[in-house]
$ cat coords00.cif   # mmCIF, C-alpha atoms
data_input
#
loop_
_atom_site.label_atom_id
_atom_site.label_comp_id
_atom_site.auth_asym_id
_atom_site.auth_seq_id
_atom_site.Cartn_x
_atom_site.Cartn_y
_atom_site.Cartn_z
CA MET A 1 253.35 -44.11 143.15
CA ASP A 2 250.94 -43.19 145.90
CA PRO A 3 252.81 -43.71 149.23
CA ARG A 4 249.68 -45.35 150.66
CA VAL A 5 250.02 -48.11 148.05
CA THR A 6 253.68 -48.59 149.02
CA ALA A 7 252.75 -48.83 152.69
CA LEU A 8 250.00 -51.38 152.00
CA THR A 9 252.34 -53.49 149.87
CA ALA A 10 254.92 -53.50 152.67
CA ARG A 11 252.33 -54.60 155.23
CA LEU A 12 251.11 -57.47 153.05
CA GLY A 13 254.63 -58.84 152.69
CA PRO A 14 256.70 -60.49 149.92
CA GLY A 15 254.96 -62.08 146.95
CA VAL A 16 251.91 -59.82 147.03
CA ARG A 17 251.35 -57.26 144.31
CA VAL A 18 248.89 -54.41 144.72
CA ARG A 19 247.54 -52.68 141.66
CA VAL A 20 245.39 -49.62 142.31
CA GLY A 21 243.64 -47.69 139.58
CA PRO A 22 243.22 -43.92 139.58
CA GLY A 23 239.78 -44.10 141.19
CA PRO A 24 236.77 -42.00 140.33
CA ALA A 25 237.26 -38.39 139.33
CA PRO A 26 236.48 -35.98 142.15
CA ALA A 27 233.04 -34.43 142.00
CA ARG A 28 233.10 -31.08 140.29
CA ARG A 29 232.32 -28.19 142.59
CA VAL A 30 229.35 -26.02 141.79
CA ARG A 31 227.73 -22.78 142.92
CA GLY A 32 224.00 -22.21 143.00
CA SER A 33 222.21 -20.46 140.14
CA GLY A 34 219.72 -18.68 142.39
CA ILE A 35 216.84 -20.66 140.83
CA SER A 36 216.14 -23.90 142.69
CA GLY A 37 214.36 -25.52 139.76
CA LEU A 38 217.39 -24.93 137.54
CA ASP A 39 219.80 -26.28 140.15
CA ARG A 40 217.77 -29.50 140.30
CA ILE A 41 218.42 -30.24 136.61
CA LEU A 42 222.08 -29.17 136.57
CA PRO A 43 224.87 -31.69 137.31
CA GLY A 44 225.90 -31.34 140.93
CA GLY A 45 223.15 -28.82 141.60
CA GLY A 46 224.54 -25.60 140.16
CA TYR A 47 226.99 -23.82 137.87
CA PRO A 48 230.49 -25.34 137.67
CA VAL A 49 233.38 -23.59 139.39
CA GLY A 50 236.37 -22.78 137.21
CA GLY A 51 234.65 -23.00 133.83
CA VAL A 52 232.71 -20.96 131.31
CA VAL A 53 228.92 -21.09 131.44
CA GLU A 54 227.28 -19.71 128.30
CA ILE A 55 223.87 -18.09 128.60
CA LEU A 56 222.44 -17.60 125.12
CA GLY A 57 219.31 -15.82 124.04
CA PRO A 58 217.84 -12.80 122.28
CA LEU A 59 218.21 -9.25 123.53
CA ASP A 60 215.87 -8.69 126.49
CA GLY A 61 215.14 -12.41 126.47
CA GLY A 62 216.16 -13.03 130.07
CA ARG A 63 219.94 -13.51 129.94
CA GLY A 64 220.56 -10.65 132.36
CA HIS A 65 217.81 -11.83 134.70
CA LEU A 66 219.38 -15.28 134.93
CA ALA A 67 222.82 -13.79 135.62
CA LEU A 68 221.43 -11.38 138.23
CA ARG A 69 219.83 -14.32 140.05
CA ALA A 70 223.20 -16.04 140.40
CA ALA A 71 224.99 -12.80 141.31
CA ALA A 72 222.46 -11.99 144.02
CA LEU A 73 222.82 -15.43 145.59
CA GLN A 74 226.62 -15.54 145.43
CA SER A 75 226.94 -12.01 146.84
CA ARG A 76 225.73 -13.39 150.17
CA GLU A 77 228.85 -15.56 150.37
CA GLY A 78 231.51 -13.34 148.77
CA ARG A 79 232.33 -10.87 146.02
CA VAL A 80 230.81 -10.88 142.54
CA ALA A 81 231.86 -8.91 139.46
CA TRP A 82 229.98 -7.72 136.39
CA ALA A 83 232.23 -6.80 133.43
CA ALA A 84 230.36 -4.45 131.12
CA ALA A 85 231.37 -2.93 127.81
CA GLU A 86 227.93 -1.39 127.31
CA GLY A 87 225.23 -0.65 129.86
CA ALA A 88 225.13 -2.06 133.38
CA PRO A 89 222.99 -4.39 135.50
CA ASP A 90 219.95 -2.89 137.17
CA PRO A 91 220.80 -2.39 140.87
CA TRP A 92 217.12 -2.26 141.82
CA HIS A 93 216.45 -5.73 140.38
CA TYR A 94 219.65 -7.01 141.95
CA ARG A 95 218.62 -5.81 145.40
CA ARG A 96 215.08 -7.10 144.93
CA MET A 97 216.57 -10.54 144.37
CA GLY A 98 218.42 -10.29 147.67
CA GLY A 99 221.78 -9.18 146.30
CA ASP A 100 224.27 -7.31 148.48
CA LEU A 101 225.38 -4.15 146.67
CA ARG A 102 228.50 -3.95 148.82
CA ALA A 103 229.67 -7.24 147.31
CA LEU A 104 229.02 -6.25 143.68
CA SER A 105 231.86 -4.79 141.61
CA LEU A 106 230.93 -3.19 138.29
CA VAL A 107 233.92 -3.30 135.94
CA ARG A 108 233.37 -0.86 133.08
CA ILE A 109 235.58 -1.60 130.08
CA GLY A 110 235.24 1.17 127.53
CA ARG A 111 237.98 0.05 125.14
CA THR A 112 236.86 -2.96 123.15
CA ASP A 113 240.46 -3.72 122.17
CA ARG A 114 241.19 -4.27 125.87
CA TYR A 115 238.00 -6.13 126.71
CA VAL A 116 239.34 -9.70 126.49
CA TRP A 117 242.42 -8.82 128.52
CA ALA A 118 240.43 -6.94 131.18
CA VAL A 119 237.93 -9.81 131.69
CA GLU A 120 240.86 -12.21 131.92
CA GLN A 121 242.44 -10.13 134.70
CA VAL A 122 239.18 -10.02 136.65
CA LEU A 123 238.91 -13.81 136.43
CA ARG A 124 242.56 -14.41 137.34
CA SER A 125 242.45 -12.13 140.36
CA GLY A 126 240.82 -14.72 142.60
CA LEU A 127 238.70 -11.98 144.19
CA PHE A 128 235.31 -13.09 142.94
CA ARG A 129 233.09 -16.12 143.47
CA LEU A 130 231.14 -15.21 140.35
CA VAL A 131 232.08 -13.16 137.29
CA VAL A 132 229.52 -12.11 134.67
CA ALA A 133 230.66 -10.72 131.32
CA GLN A 134 229.01 -9.64 128.11
CA GLY A 135 230.01 -11.70 125.10
CA THR A 136 227.99 -9.46 122.81
CA GLY A 137 227.24 -5.80 123.28
CA PRO A 138 223.59 -5.38 124.37
CA ARG A 139 223.36 -2.07 122.51
CA SER A 140 225.62 -2.54 119.50
CA GLY A 141 225.01 -6.26 118.97
CA ARG A 142 228.75 -6.64 118.28
CA LEU A 143 230.79 -9.66 119.31
CA LEU A 144 233.21 -8.54 122.03
CA PHE A 145 235.72 -11.38 121.94
CA ASP A 146 237.65 -13.54 119.49
CA PRO A 147 238.20 -17.32 119.33
CA ALA A 148 241.47 -17.11 121.27
CA ALA A 149 239.65 -15.52 124.20
CA TRP A 150 237.94 -18.82 124.98
CA ARG A 151 241.15 -20.55 126.05
CA ARG A 152 242.33 -17.52 127.99
CA TRP A 153 239.06 -17.04 129.84
CA SER A 154 238.69 -20.75 130.61
CA ALA A 155 242.21 -20.92 132.05
CA ALA A 156 241.70 -17.71 134.02
CA ALA A 157 238.39 -18.89 135.51
CA SER A 158 240.04 -22.11 136.63
CA ARG A 159 243.02 -20.31 138.14
CA GLY A 160 240.86 -17.73 139.90
CA ASP A 161 238.41 -20.35 141.18
CA SER A 162 235.53 -18.34 139.72
CA THR A 163 232.21 -19.33 138.22
CA PHE A 164 232.08 -17.43 134.93
CA LEU A 165 228.81 -16.55 133.19
CA LEU A 166 229.17 -15.33 129.59
CA LEU A 167 226.07 -13.62 128.17
CA LEU A 168 225.69 -14.14 124.42
CA GLU A 169 223.26 -13.17 121.72
CA ASP A 170 222.99 -15.54 118.75
CA LEU A 171 225.22 -14.08 116.05
CA PRO A 172 226.40 -15.71 112.80
CA GLU A 173 230.03 -15.22 113.85
CA LEU A 174 229.61 -17.60 116.78
CA THR A 175 229.10 -20.59 114.52
CA ALA A 176 232.77 -20.42 113.50
CA PHE A 177 233.98 -20.61 117.12
CA ALA A 178 235.01 -23.78 118.91
CA ARG A 179 233.33 -23.18 122.27
CA PRO A 180 233.69 -26.22 124.53
CA ALA A 181 231.72 -24.75 127.42
CA PRO A 182 231.02 -27.21 130.26
CA LEU A 183 227.50 -25.80 130.35
CA ARG A 184 225.38 -23.90 127.83
CA LEU A 185 221.90 -22.58 128.58
CA ARG A 186 219.40 -20.98 126.23
CA VAL A 187 216.81 -18.57 127.62
CA GLN A 188 213.84 -16.75 126.15
CA ARG A 189 210.69 -15.03 127.28
CA GLU A 190 207.54 -17.08 126.88
CA LEU A 191 204.27 -15.54 125.70
CA ASP A 192 203.01 -15.38 129.29
CA GLY A 193 206.12 -13.45 130.38
CA ARG A 194 207.75 -16.31 132.20
CA LEU A 195 211.36 -17.30 131.56
CA GLY A 196 212.04 -20.45 129.54
CA ILE A 197 215.41 -22.08 130.23
CA ARG A 198 216.76 -24.98 128.18
CA VAL A 199 219.99 -26.87 128.82
CA GLU A 200 221.65 -26.91 125.41
CA ARG A 201 224.98 -28.45 126.36
CA ILE A 202 226.39 -30.31 129.36
CA ALA A 203 229.92 -31.64 128.97
CA GLY A 204 229.82 -35.44 128.79
CA ARG A 205 226.04 -35.72 129.03
CA ALA A 206 223.01 -35.57 126.80
CA PRO A 207 221.31 -32.15 127.02
CA GLY A 208 217.65 -31.38 126.62
CA ALA A 209 216.30 -30.69 130.13
CA ALA A 210 214.17 -27.57 130.29
CA LEU A 211 211.98 -25.61 132.68
CA THR A 212 209.91 -22.45 132.81
CA VAL A 213 210.03 -20.13 135.78
CA GLY A 214 208.21 -17.00 136.87
CA GLU A 215 209.99 -13.68 137.19
CA GLY A 216 210.29 -13.90 140.93
CA ALA A 217 210.82 -17.67 141.24
CA ALA A 218 213.68 -18.71 143.50
#

$ encode --input "coords00.cif" --output "structure tokens"
Amino acid sequence: MDPRVTALTARLGPGVRVRVGPGPAPARRVRGSGISGLDRILPGGGYPVGGVVEILGPLDGGRGHLALRAAALQSREGRVAWAAAEGAPDPWHYRRMGGDLRALSLVRIGRTDRYVWAVEQVLRSGLFRLVVAQGTGPRSGRLLFDPAAWRRWSAAASRGDSTFLLLLEDLPELTAFARPAPLRLRVQRELDGRLGIRVERIAGRAPGAALTVGEGAA
């Protein structure tokens, strides 16, 4: 029992019973996405801390841009990591968005059989405010993780107090995965070149909010 309940009961005296429920759940902490319009439609005003955020979309459809936005913003407050099996983020775009290169760690993972483990260690380390990882290879189009990785990465993000962005291309294999992400976004390039962002899943809420932003929109 909460000692504060015991103390209150003692003060009220004999014959008085105090029943206290658990109270509201604490508000979930968030970190900004780097796009103010997106933060306005996300619960709490940003990406959740300690959970997996899926960013889905076609190759060159804007997934990396969205992740770079968040990385650039969070680099002003602490370290960020980008776990790459293939390719790497563009440092010029990152700096143009205001990112601090000194705070960015590029983790190159050449062995795909060690990819899940390596991302897990980065998340568990507690070194990074934000961790970005490829869920599918941008060059090969291969899926880089298995269903068991979800539980491991979710637990590691929570333990390391990291916001974890997982970049995914739509692949048939994903339909067989149970992926209870707290937040799932879908992005694609519109005909006018702007970035369309749709909230596809929010844990415990109805999704459907969407916005379109320009390349340089904050």

$ axis_aligned_box --input "coords00.cif" --around "segment 159-177 of chain A" --padding-each-side "6 Å" --output "JSON"
{"center_x": 233.0, "center_y": -16.9, "center_z": 127.0, "size_x": 32.0, "size_y": 19.4, "size_z": 40.4}

$ atom_distance --input "coords00.cif" --atom1 "atom CA of Arg40 of chain A" --atom2 "atom CA of Ala83 of chain A"
27.8 Å

$ resolve_selection --input "coords00.cif" --expression "the PyMOL selection byres ((chain A and resi 104) around 8)" --output "MDAnalysis selection string"
chainID A and resid 75 79:82 100:103 105:106

$ atom_distance --input "coords00.cif" --atom1 "atom CA of Val213 of chain A" --atom2 "atom CA of Pro48 of chain A"
21.2 Å

$ atom_distance --input "coords00.cif" --atom1 "atom CA of Glu86 of chain A" --atom2 "atom CA of Ser36 of chain A"
29.7 Å

$ closest_residue --input "coords00.cif" --among "A:Arg11, A:Trp150, A:Ser162, A:Tyr94" --to "Leu127 of chain A" --atoms "only C-alpha atoms"
A:Ser162

$ closest_residue --input "coords00.cif" --among "A:Leu166, A:Ala88, A:Val199, A:Ala70" --to "Thr136 of chain A" --atoms "only C-alpha atoms"
A:Leu166

$ closest_residue --input "coords00.cif" --among "A:Val187, A:Leu167, A:Leu68, A:Val30" --to "Gly44 of chain A" --atoms "all atoms listed in the file"
A:Val30

$ closest_residue --input "coords00.cif" --among "A:Leu42, A:Leu123, A:Ala67, A:Ala84" --to "Ser154 of chain A" --atoms "all atoms listed in the file"
A:Leu123

$ build_atoms --input "coords00.cif" --residues "segment 135-147 of chain A" --atoms "N, CA, C and O atoms" --output "CSV table (one decimal), keeping the file's coordinate frame"
chain,number,residue,atom,x,y,z
A,135,GLY,N,229.3,-11.2,126.3
A,135,GLY,CA,230.0,-11.7,125.1
A,135,GLY,C,229.6,-10.9,123.9
A,135,GLY,O,230.4,-10.8,122.9
A,136,THR,N,228.4,-10.3,123.9
A,136,THR,CA,228.0,-9.5,122.8
A,136,THR,C,227.5,-8.2,123.4
A,136,THR,O,226.9,-8.2,124.5
A,137,GLY,N,227.7,-7.1,122.8
A,137,GLY,CA,227.2,-5.8,123.3
A,137,GLY,C,225.7,-5.7,123.2
A,137,GLY,O,225.1,-5.9,122.2
A,138,PRO,N,225.1,-5.4,124.4
A,138,PRO,CA,223.6,-5.4,124.4
A,138,PRO,C,223.0,-4.2,123.6
A,138,PRO,O,221.9,-4.3,123.1
A,139,ARG,N,223.8,-3.2,123.3
A,139,ARG,CA,223.4,-2.1,122.5
A,139,ARG,C,223.8,-2.2,121.1
A,139,ARG,O,223.0,-2.0,120.1
A,140,SER,N,225.1,-2.5,120.9
A,140,SER,CA,225.6,-2.5,119.5
A,140,SER,C,225.4,-3.9,118.8
A,140,SER,O,225.3,-3.9,117.6
A,141,GLY,N,225.2,-4.9,119.6
A,141,GLY,CA,225.0,-6.3,119.0
A,141,GLY,C,226.3,-6.8,118.4
A,141,GLY,O,226.3,-7.8,117.7
A,142,ARG,N,227.4,-6.2,118.8
A,142,ARG,CA,228.8,-6.6,118.3
A,142,ARG,C,229.3,-7.8,119.2
A,142,ARG,O,229.1,-7.8,120.4
A,143,LEU,N,230.1,-8.6,118.6
A,143,LEU,CA,230.8,-9.7,119.3
A,143,LEU,C,232.0,-9.0,120.0
A,143,LEU,O,232.7,-8.3,119.3
A,144,LEU,N,232.2,-9.2,121.3
A,144,LEU,CA,233.2,-8.5,122.0
A,144,LEU,C,234.5,-9.4,122.3
A,144,LEU,O,235.3,-8.9,123.0
A,145,PHE,N,234.5,-10.6,121.7
A,145,PHE,CA,235.7,-11.4,121.9
A,145,PHE,C,236.0,-12.1,120.7
A,145,PHE,O,235.2,-12.2,119.7
A,146,ASP,N,237.2,-12.8,120.7
A,146,ASP,CA,237.6,-13.5,119.5
A,146,ASP,C,237.8,-15.0,119.9
A,146,ASP,O,237.8,-15.3,121.1
A,147,PRO,N,238.1,-15.9,119.0
A,147,PRO,CA,238.2,-17.3,119.3
A,147,PRO,C,239.3,-17.6,120.4
A,147,PRO,O,239.1,-18.5,121.2
